[in-house]
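Notes follow the structure.
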Protein chains: 2
Amino acid sequence: MIHTLPDEYRDLLERPLIGILATVSPDGRPSLQPMRFTWDGAHIRMSQTIPRRKFVPLQANPNYSFIITDSDNPARVLEITGWLVTVGGDPEGDFYRELGRRYGNPDEPVPADVDDRVVLILDAQHFIPKTAPTAPSATHAS
Amino acid sequence: MIHTLPDEYRDLLERPLIGILATVSPDGRPSLQPMRFTWDGAHIRMSQTIPRRKFVPLQANPNYSFIITDSDNPARVLEITGWLVTVGGDPEGDFYRELGRRYGNPDEPVPADVDDRVVLILDAQHFIPKTAPTAPSATHAS
């Protein structure tokens with residue numbers, strides 16, 4: 001477990017990949033959600049709607065884990081752990097549009113629930129490179 | 001959240017895909033690990049080494065979440081939640097070899113740590129179909 005992002009895994013945070021966010025509900029159950037994200041070198045940002053179930057767990061227990069698999073080489077995986085720093089508003093949908101541009105949908109319309117949209121700002125504390133087992137369908141199975 | 005596996009998601013459990021297992025450590029932090037698995041219609045089985053960190057959390061907090069993404073269509077995702085039922089031994093490495101065959105490596109050698117290998121038997125309580133956001137590199141982005 002390391003506190004600095006290894007250079008050879010930096011691309012997994014910089015590329016528009018889909019990660020899996022793990023949170024823990026107040027009753028101690030883990031929950032998973034595929035998420036788009038941005039990375040500024042220190043924080044991961046994600047868009048969320050306040051009524052969504054994912055948001056409540058992070059308020060009660062701010063610890064998260066986020067795992068990103070290299071879509072070009074599924075054996076390359078990076079887990080990032082840390083905690084929720086703060087929740088920002090996104091009343092104009094600016095962050096939502098930023099995600100759309102990053103993920104190749106520059107014309108993605110702002111969703112109808114934009115008034116409930118928030119930006120989760122997650123501190124990245126640990127970077128844990130992993131080697132995933134590979135499946136027969138893996139593009140570059142090792 | 002449903003208690004029966006929907007027919008249209010059954011393939012995600014039957015195909016040799018790599019899933020992401022979420023467990024919760026005793027201090028309440030979620031942790032993630034890519035895992036191979038088998039499915040018999042009621043239970044998910046995975047191979048684990050006793051000293052591995054993943055195992056301890058599931059003993060203290062048996063709740064897990066497991067998420068499987070369709071490698072052919074990353075928008076198709078199934079989350080399964082439940083709890084650890086029991087831990088079986090695998091002293092001869094039979095289950096480990098079964099995983100090897102399922103994942104296209106029938107000649108995969110039994111690992112050196114076979115004496116420490118166990119089989120996690122996980123009850124599948126809830127099946128939660130999800131639609132994941134898609135990335136530019138997704139094969140079948142919707």
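FYI, nothing fancy with the structure tokens labels: chains A, B, ... in order, residues from 1 per chain, ligands from 1 as they appear.
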
Just want the 10 Å neighbourhood of stretch 67-75 of chain A, counted on only C-alpha atoms, with same-chain residues fewer than 2 positions away dropped. Output as a VMD selection string.
(chain A and resid 9 11 to 13 15 17 to 22 34 to 35 65 77 to 81 127 to 135 137 to 142) or (chain B and resid 18 20 31 to 34 71 74 135 137 to 139)

Moved coordinates, chain B onto chain A, all Cα atoms, as a compact mmCIF listing (two decimals) with N, CA and C atoms, in the first residue's frame:
# COMPACT_ATOMS: atom_id res chain seq x y z
N MET B 1 0.82 -1.20 -0.06
CA MET B 1 -0.02 -0.01 -0.03
C MET B 1 0.88 1.22 -0.02
N ILE B 2 0.70 2.06 -1.02
CA ILE B 2 1.60 3.20 -1.16
C ILE B 2 0.80 4.51 -1.25
N HIS B 3 1.47 5.59 -0.86
CA HIS B 3 0.78 6.88 -0.81
C HIS B 3 0.99 7.71 -2.07
N THR B 4 1.86 7.25 -2.94
CA THR B 4 2.14 8.00 -4.17
C THR B 4 1.68 7.18 -5.36
N LEU B 5 1.05 7.85 -6.29
CA LEU B 5 0.60 7.16 -7.50
C LEU B 5 1.81 6.73 -8.33
N PRO B 6 2.00 5.44 -8.56
CA PRO B 6 3.14 5.02 -9.37
C PRO B 6 2.98 5.52 -10.81
N ASP B 7 4.07 6.02 -11.37
CA ASP B 7 4.03 6.56 -12.74
C ASP B 7 3.43 5.56 -13.73
N GLU B 8 3.75 4.29 -13.54
CA GLU B 8 3.32 3.30 -14.53
C GLU B 8 1.83 2.95 -14.41
N TYR B 9 1.15 3.53 -13.41
CA TYR B 9 -0.30 3.32 -13.31
C TYR B 9 -1.08 4.62 -13.50
N ARG B 10 -0.34 5.71 -13.71
CA ARG B 10 -0.98 7.02 -13.83
C ARG B 10 -2.04 7.05 -14.94
N ASP B 11 -1.76 6.34 -16.03
CA ASP B 11 -2.69 6.37 -17.16
C ASP B 11 -4.08 5.89 -16.79
N LEU B 12 -4.16 4.97 -15.81
CA LEU B 12 -5.48 4.44 -15.44
C LEU B 12 -6.38 5.53 -14.85
N LEU B 13 -5.76 6.54 -14.22
CA LEU B 13 -6.55 7.65 -13.69
C LEU B 13 -6.75 8.74 -14.73
N GLU B 14 -5.83 8.81 -15.68
CA GLU B 14 -5.92 9.89 -16.67
C GLU B 14 -6.83 9.53 -17.85
N ARG B 15 -6.97 8.26 -18.12
CA ARG B 15 -7.82 7.85 -19.25
C ARG B 15 -9.29 7.81 -18.82
N PRO B 16 -10.20 8.01 -19.76
CA PRO B 16 -11.63 7.95 -19.42
C PRO B 16 -12.11 6.51 -19.29
N LEU B 17 -11.74 5.87 -18.22
CA LEU B 17 -12.17 4.50 -17.95
C LEU B 17 -13.34 4.52 -16.96
N ILE B 18 -14.06 3.44 -16.90
CA ILE B 18 -15.13 3.30 -15.90
C ILE B 18 -14.56 2.54 -14.71
N GLY B 19 -14.66 3.13 -13.53
CA GLY B 19 -14.20 2.44 -12.33
C GLY B 19 -15.37 1.91 -11.52
N ILE B 20 -15.06 1.10 -10.53
CA ILE B 20 -16.09 0.58 -9.63
C ILE B 20 -15.88 1.21 -8.25
N LEU B 21 -16.90 1.91 -7.77
CA LEU B 21 -16.83 2.57 -6.46
C LEU B 21 -17.46 1.68 -5.41
N ALA B 22 -16.72 1.45 -4.32
CA ALA B 22 -17.26 0.69 -3.19
C ALA B 22 -17.48 1.63 -2.02
N THR B 23 -18.67 1.56 -1.47
CA THR B 23 -18.99 2.30 -0.26
C THR B 23 -19.56 1.31 0.75
N VAL B 24 -19.70 1.76 1.98
CA VAL B 24 -20.21 0.88 3.04
C VAL B 24 -21.45 1.53 3.65
N SER B 25 -22.53 0.78 3.68
CA SER B 25 -23.77 1.31 4.24
C SER B 25 -23.67 1.34 5.76
N PRO B 26 -24.56 2.11 6.40
CA PRO B 26 -24.50 2.20 7.86
C PRO B 26 -24.62 0.85 8.56
N ASP B 27 -25.25 -0.12 7.92
CA ASP B 27 -25.35 -1.45 8.56
C ASP B 27 -24.17 -2.34 8.21
N GLY B 28 -23.14 -1.77 7.57
CA GLY B 28 -21.90 -2.51 7.37
C GLY B 28 -21.83 -3.33 6.10
N ARG B 29 -22.79 -3.14 5.20
CA ARG B 29 -22.75 -3.91 3.95
C ARG B 29 -22.04 -3.10 2.86
N PRO B 30 -21.17 -3.76 2.10
CA PRO B 30 -20.54 -3.05 0.99
C PRO B 30 -21.50 -2.94 -0.18
N SER B 31 -21.34 -1.90 -0.95
CA SER B 31 -22.17 -1.68 -2.13
C SER B 31 -21.28 -1.17 -3.25
N LEU B 32 -21.60 -1.54 -4.49
CA LEU B 32 -20.73 -1.24 -5.62
C LEU B 32 -21.49 -0.51 -6.71
N GLN B 33 -20.80 0.39 -7.38
CA GLN B 33 -21.44 1.14 -8.46
C GLN B 33 -20.39 1.52 -9.50
N PRO B 34 -20.64 1.21 -10.78
CA PRO B 34 -19.73 1.68 -11.83
C PRO B 34 -19.85 3.19 -11.98
N MET B 35 -18.72 3.87 -12.07
CA MET B 35 -18.73 5.34 -12.08
C MET B 35 -17.75 5.92 -13.09
N ARG B 36 -18.15 7.04 -13.70
CA ARG B 36 -17.21 7.88 -14.42
C ARG B 36 -16.52 8.79 -13.40
N PHE B 37 -15.38 9.32 -13.77
CA PHE B 37 -14.65 10.14 -12.80
C PHE B 37 -13.70 11.09 -13.51
N THR B 38 -13.22 12.09 -12.77
CA THR B 38 -12.08 12.90 -13.23
C THR B 38 -10.99 12.81 -12.16
N TRP B 39 -9.78 13.17 -12.56
CA TRP B 39 -8.62 13.09 -11.68
C TRP B 39 -7.77 14.34 -11.90
N ASP B 40 -7.45 15.06 -10.84
CA ASP B 40 -6.66 16.29 -10.98
C ASP B 40 -5.27 16.15 -10.36
N GLY B 41 -4.88 14.94 -10.05
CA GLY B 41 -3.57 14.71 -9.44
C GLY B 41 -3.65 14.53 -7.94
N ALA B 42 -4.78 14.88 -7.36
CA ALA B 42 -4.93 14.72 -5.91
C ALA B 42 -6.31 14.18 -5.53
N HIS B 43 -7.30 14.56 -6.27
CA HIS B 43 -8.67 14.16 -5.93
C HIS B 43 -9.37 13.50 -7.12
N ILE B 44 -10.24 12.58 -6.78
CA ILE B 44 -11.14 11.98 -7.75
C ILE B 44 -12.49 12.67 -7.59
N ARG B 45 -13.09 13.04 -8.69
CA ARG B 45 -14.42 13.64 -8.65
C ARG B 45 -15.40 12.78 -9.42
N MET B 46 -16.60 12.66 -8.87
CA MET B 46 -17.67 11.89 -9.52
C MET B 46 -18.96 12.67 -9.40
N SER B 47 -19.86 12.42 -10.32
CA SER B 47 -21.16 13.08 -10.28
C SER B 47 -22.18 12.14 -9.64
N GLN B 48 -22.99 12.69 -8.77
CA GLN B 48 -23.97 11.85 -8.09
C GLN B 48 -25.24 12.66 -7.84
N THR B 49 -26.35 11.96 -7.74
CA THR B 49 -27.61 12.62 -7.43
C THR B 49 -27.88 12.40 -5.94
N ILE B 50 -28.27 13.44 -5.27
CA ILE B 50 -28.43 13.35 -3.82
C ILE B 50 -29.33 12.19 -3.39
N PRO B 51 -30.47 11.99 -4.06
CA PRO B 51 -31.34 10.91 -3.56
C PRO B 51 -30.75 9.52 -3.75
N ARG B 52 -29.67 9.44 -4.56
CA ARG B 52 -29.13 8.12 -4.85
C ARG B 52 -28.60 7.46 -3.58
N ARG B 53 -28.82 6.16 -3.53
CA ARG B 53 -28.45 5.38 -2.37
C ARG B 53 -26.95 5.49 -2.06
N LYS B 54 -26.13 5.60 -3.14
CA LYS B 54 -24.68 5.65 -2.95
C LYS B 54 -24.24 6.81 -2.10
N PHE B 55 -25.00 7.86 -2.13
CA PHE B 55 -24.56 9.07 -1.47
C PHE B 55 -24.68 8.96 0.04
N VAL B 56 -25.75 8.39 0.49
CA VAL B 56 -25.99 8.29 1.92
C VAL B 56 -24.87 7.51 2.64
N PRO B 57 -24.46 6.35 2.11
CA PRO B 57 -23.38 5.64 2.79
C PRO B 57 -22.12 6.50 2.96
N LEU B 58 -21.76 7.26 1.95
CA LEU B 58 -20.52 8.04 2.04
C LEU B 58 -20.64 9.19 3.04
N GLN B 59 -21.86 9.60 3.33
CA GLN B 59 -22.01 10.60 4.38
C GLN B 59 -21.82 9.96 5.76
N ALA B 60 -22.37 8.77 5.92
CA ALA B 60 -22.27 8.10 7.22
C ALA B 60 -20.88 7.52 7.44
N ASN B 61 -20.32 6.94 6.37
CA ASN B 61 -18.98 6.34 6.44
C ASN B 61 -18.22 6.84 5.22
N PRO B 62 -17.34 7.82 5.40
CA PRO B 62 -16.70 8.47 4.25
C PRO B 62 -15.65 7.61 3.56
N ASN B 63 -15.34 6.43 4.09
CA ASN B 63 -14.32 5.59 3.46
C ASN B 63 -14.83 5.00 2.16
N TYR B 64 -14.00 5.09 1.13
CA TYR B 64 -14.37 4.47 -0.14
C TYR B 64 -13.19 3.66 -0.65
N SER B 65 -13.49 2.80 -1.59
CA SER B 65 -12.46 2.15 -2.39
C SER B 65 -12.92 2.24 -3.84
N PHE B 66 -11.98 2.48 -4.74
CA PHE B 66 -12.30 2.65 -6.15
C PHE B 66 -11.32 1.81 -6.93
N ILE B 67 -11.81 1.03 -7.86
CA ILE B 67 -10.91 0.16 -8.60
C ILE B 67 -11.10 0.39 -10.09
N ILE B 68 -9.97 0.53 -10.79
CA ILE B 68 -9.98 0.81 -12.22
C ILE B 68 -9.23 -0.31 -12.92
N THR B 69 -9.88 -0.90 -13.91
CA THR B 69 -9.26 -1.95 -14.72
C THR B 69 -8.92 -1.38 -16.08
N ASP B 70 -7.73 -1.68 -16.55
CA ASP B 70 -7.29 -1.24 -17.88
C ASP B 70 -8.12 -1.98 -18.93
N SER B 71 -8.95 -1.26 -19.67
CA SER B 71 -9.81 -1.93 -20.65
C SER B 71 -8.99 -2.59 -21.76
N ASP B 72 -7.77 -2.14 -21.98
CA ASP B 72 -6.91 -2.73 -23.01
C ASP B 72 -6.10 -3.91 -22.49
N ASN B 73 -6.03 -4.05 -21.16
CA ASN B 73 -5.26 -5.13 -20.55
C ASN B 73 -5.84 -5.40 -19.17
N PRO B 74 -6.89 -6.25 -19.12
CA PRO B 74 -7.64 -6.44 -17.87
C PRO B 74 -6.81 -6.97 -16.70
N ALA B 75 -5.58 -7.41 -16.95
CA ALA B 75 -4.73 -7.84 -15.84
C ALA B 75 -4.18 -6.65 -15.06
N ARG B 76 -4.20 -5.47 -15.67
CA ARG B 76 -3.67 -4.26 -15.02
C ARG B 76 -4.79 -3.57 -14.26
N VAL B 77 -4.65 -3.51 -12.95
CA VAL B 77 -5.71 -2.97 -12.10
C VAL B 77 -5.08 -2.06 -11.06
N LEU B 78 -5.78 -0.97 -10.75
CA LEU B 78 -5.33 -0.08 -9.68
C LEU B 78 -6.49 0.16 -8.73
N GLU B 79 -6.24 -0.10 -7.45
CA GLU B 79 -7.22 0.23 -6.41
C GLU B 79 -6.77 1.51 -5.73
N ILE B 80 -7.71 2.43 -5.53
CA ILE B 80 -7.44 3.67 -4.82
C ILE B 80 -8.37 3.70 -3.61
N THR B 81 -7.82 4.03 -2.46
CA THR B 81 -8.67 4.14 -1.27
C THR B 81 -8.47 5.50 -0.63
N GLY B 82 -9.43 5.92 0.14
CA GLY B 82 -9.38 7.21 0.80
C GLY B 82 -10.74 7.51 1.39
N TRP B 83 -11.08 8.80 1.44
CA TRP B 83 -12.38 9.15 2.01
C TRP B 83 -12.98 10.36 1.31
N LEU B 84 -14.25 10.51 1.50
CA LEU B 84 -14.97 11.65 0.94
C LEU B 84 -14.51 12.92 1.65
N VAL B 85 -14.02 13.90 0.88
CA VAL B 85 -13.59 15.16 1.46
C VAL B 85 -14.78 16.10 1.60
N THR B 86 -15.48 16.26 0.49
CA THR B 86 -16.61 17.19 0.53
C THR B 86 -17.53 16.91 -0.64
N VAL B 87 -18.66 17.54 -0.59
CA VAL B 87 -19.66 17.41 -1.65
C VAL B 87 -19.94 18.81 -2.17
N GLY B 88 -19.71 19.00 -3.45
CA GLY B 88 -19.98 20.30 -4.06
C GLY B 88 -21.26 20.26 -4.87
N GLY B 89 -21.87 21.40 -5.06
CA GLY B 89 -23.05 21.47 -5.90
C GLY B 89 -22.66 21.49 -7.37
N ASP B 90 -23.61 21.20 -8.22
CA ASP B 90 -23.38 21.27 -9.66
C ASP B 90 -24.65 21.79 -10.31
N PRO B 91 -25.15 22.95 -9.83
CA PRO B 91 -26.50 23.41 -10.21
C PRO B 91 -26.64 23.68 -11.70
N GLU B 92 -25.53 24.07 -12.35
CA GLU B 92 -25.60 24.34 -13.79
C GLU B 92 -25.22 23.12 -14.61
N GLY B 93 -24.83 22.06 -13.94
CA GLY B 93 -24.43 20.86 -14.67
C GLY B 93 -23.07 20.96 -15.31
N ASP B 94 -22.24 21.92 -14.87
CA ASP B 94 -20.92 22.09 -15.49
C ASP B 94 -20.06 20.84 -15.36
N PHE B 95 -20.04 20.28 -14.15
CA PHE B 95 -19.21 19.09 -13.96
C PHE B 95 -19.77 17.91 -14.76
N TYR B 96 -21.07 17.82 -14.80
CA TYR B 96 -21.68 16.75 -15.57
C TYR B 96 -21.27 16.84 -17.05
N ARG B 97 -21.26 18.07 -17.58
CA ARG B 97 -20.84 18.26 -18.97
C ARG B 97 -19.35 17.95 -19.15
N GLU B 98 -18.55 18.29 -18.13
CA GLU B 98 -17.11 17.97 -18.19
C GLU B 98 -16.93 16.45 -18.30
N LEU B 99 -17.72 15.71 -17.53
CA LEU B 99 -17.66 14.25 -17.63
C LEU B 99 -18.04 13.80 -19.04
N GLY B 100 -19.07 14.41 -19.58
CA GLY B 100 -19.51 14.05 -20.94
C GLY B 100 -18.40 14.24 -21.96
N ARG B 101 -17.71 15.38 -21.86
CA ARG B 101 -16.61 15.64 -22.80
C ARG B 101 -15.50 14.61 -22.60
N ARG B 102 -15.14 14.36 -21.34
CA ARG B 102 -14.06 13.40 -21.06
C ARG B 102 -14.39 12.01 -21.58
N TYR B 103 -15.67 11.65 -21.52
CA TYR B 103 -16.06 10.30 -21.90
C TYR B 103 -16.61 10.22 -23.32
N GLY B 104 -16.24 11.22 -24.13
CA GLY B 104 -16.56 11.11 -25.55
C GLY B 104 -17.99 11.45 -25.92
N ASN B 105 -18.72 12.08 -25.00
CA ASN B 105 -20.09 12.50 -25.30
C ASN B 105 -20.23 13.99 -25.06
N PRO B 106 -19.55 14.82 -25.88
CA PRO B 106 -19.55 16.26 -25.61
C PRO B 106 -20.94 16.87 -25.69
N ASP B 107 -21.85 16.21 -26.40
CA ASP B 107 -23.20 16.76 -26.54
C ASP B 107 -24.19 16.11 -25.58
N GLU B 108 -23.65 15.36 -24.61
CA GLU B 108 -24.53 14.69 -23.65
C GLU B 108 -25.38 15.73 -22.93
N PRO B 109 -26.70 15.60 -22.98
CA PRO B 109 -27.54 16.61 -22.33
C PRO B 109 -27.41 16.53 -20.81
N VAL B 110 -27.55 17.69 -20.20
CA VAL B 110 -27.58 17.72 -18.74
C VAL B 110 -28.84 16.99 -18.29
N PRO B 111 -28.72 16.10 -17.31
CA PRO B 111 -29.89 15.28 -16.96
C PRO B 111 -30.99 16.11 -16.30
N ALA B 112 -32.18 15.55 -16.34
CA ALA B 112 -33.35 16.25 -15.79
C ALA B 112 -33.19 16.49 -14.29
N ASP B 113 -32.38 15.65 -13.64
CA ASP B 113 -32.23 15.78 -12.18
C ASP B 113 -31.06 16.71 -11.82
N VAL B 114 -30.71 17.63 -12.72
CA VAL B 114 -29.52 18.46 -12.50
C VAL B 114 -29.57 19.23 -11.18
N ASP B 115 -30.76 19.61 -10.75
CA ASP B 115 -30.86 20.36 -9.49
C ASP B 115 -30.43 19.51 -8.29
N ASP B 116 -30.51 18.20 -8.44
CA ASP B 116 -30.11 17.31 -7.34
C ASP B 116 -28.68 16.80 -7.51
N ARG B 117 -28.02 17.23 -8.60
CA ARG B 117 -26.68 16.71 -8.88
C ARG B 117 -25.64 17.32 -7.96
N VAL B 118 -24.75 16.49 -7.48
CA VAL B 118 -23.64 16.98 -6.68
C VAL B 118 -22.35 16.38 -7.22
N VAL B 119 -21.24 16.95 -6.79
CA VAL B 119 -19.93 16.44 -7.15
C VAL B 119 -19.31 15.85 -5.88
N LEU B 120 -19.02 14.57 -5.92
CA LEU B 120 -18.30 13.95 -4.81
C LEU B 120 -16.82 14.23 -5.01
N ILE B 121 -16.16 14.76 -4.00
CA ILE B 121 -14.72 15.02 -4.08
C ILE B 121 -14.03 14.07 -3.10
N LEU B 122 -13.27 13.15 -3.68
CA LEU B 122 -12.69 12.05 -2.91
C LEU B 122 -11.18 12.21 -2.82
N ASP B 123 -10.68 12.19 -1.62
CA ASP B 123 -9.24 12.24 -1.40
C ASP B 123 -8.64 10.87 -1.74
N ALA B 124 -7.55 10.88 -2.49
CA ALA B 124 -6.89 9.62 -2.84
C ALA B 124 -5.72 9.42 -1.88
N GLN B 125 -5.86 8.48 -0.96
CA GLN B 125 -4.86 8.28 0.08
C GLN B 125 -3.87 7.17 -0.25
N HIS B 126 -4.38 6.08 -0.79
CA HIS B 126 -3.52 4.94 -1.09
C HIS B 126 -3.75 4.46 -2.51
N PHE B 127 -2.67 4.06 -3.14
CA PHE B 127 -2.72 3.52 -4.50
C PHE B 127 -2.19 2.09 -4.43
N ILE B 128 -2.99 1.14 -4.84
CA ILE B 128 -2.64 -0.26 -4.66
C ILE B 128 -2.68 -0.96 -6.02
N PRO B 129 -1.51 -1.05 -6.69
CA PRO B 129 -1.48 -1.78 -7.97
C PRO B 129 -1.79 -3.26 -7.73
N LYS B 130 -2.56 -3.85 -8.64
CA LYS B 130 -2.92 -5.26 -8.50
C LYS B 130 -2.77 -5.94 -9.85
N THR B 131 -2.55 -7.22 -9.80
CA THR B 131 -2.58 -8.01 -11.02
C THR B 131 -3.83 -8.87 -10.95
N ALA B 132 -4.75 -8.63 -11.86
CA ALA B 132 -6.00 -9.39 -11.84
C ALA B 132 -5.81 -10.72 -12.54
N PRO B 133 -6.56 -11.74 -12.09
CA PRO B 133 -6.58 -12.97 -12.88
C PRO B 133 -7.20 -12.66 -14.23
N THR B 134 -6.90 -13.46 -15.21
CA THR B 134 -7.41 -13.18 -16.55
C THR B 134 -8.42 -14.23 -16.97
N ALA B 135 -9.30 -13.81 -17.85
CA ALA B 135 -10.35 -14.69 -18.36
C ALA B 135 -10.03 -15.04 -19.80
N PRO B 136 -10.64 -16.13 -20.32
CA PRO B 136 -10.36 -16.54 -21.69
C PRO B 136 -10.61 -15.43 -22.70
N SER B 137 -11.58 -14.55 -22.40
CA SER B 137 -11.94 -13.51 -23.35
C SER B 137 -11.06 -12.28 -23.22
N ALA B 138 -10.15 -12.28 -22.26
CA ALA B 138 -9.31 -11.11 -22.06
C ALA B 138 -8.51 -10.84 -23.33
N THR B 139 -8.42 -9.57 -23.68
CA THR B 139 -7.75 -9.19 -24.92
C THR B 139 -6.26 -9.51 -24.87
N HIS B 140 -5.65 -9.22 -23.73
CA HIS B 140 -4.20 -9.42 -23.60
C HIS B 140 -3.91 -10.32 -22.40
N ALA B 141 -4.55 -11.46 -22.34
CA ALA B 141 -4.35 -12.35 -21.20
C ALA B 141 -2.87 -12.69 -21.08
N SER B 142 -2.38 -12.64 -19.88
CA SER B 142 -0.96 -12.96 -19.67
C SER B 142 -0.82 -14.43 -19.31

Which residues in chain A does DSSP call alpha helix (DSSP H)? List them as a ChimeraX atom specification.
/A:10-14,55-60,94-102

When DSSP is applied to the backbone of this structure, which of chain B are assigned strand (DSSP E)? Write them out as a PyMOL selection string.
chain B and resi 19-24+30-35+38-39+43-49+63-69+76-89+117-131
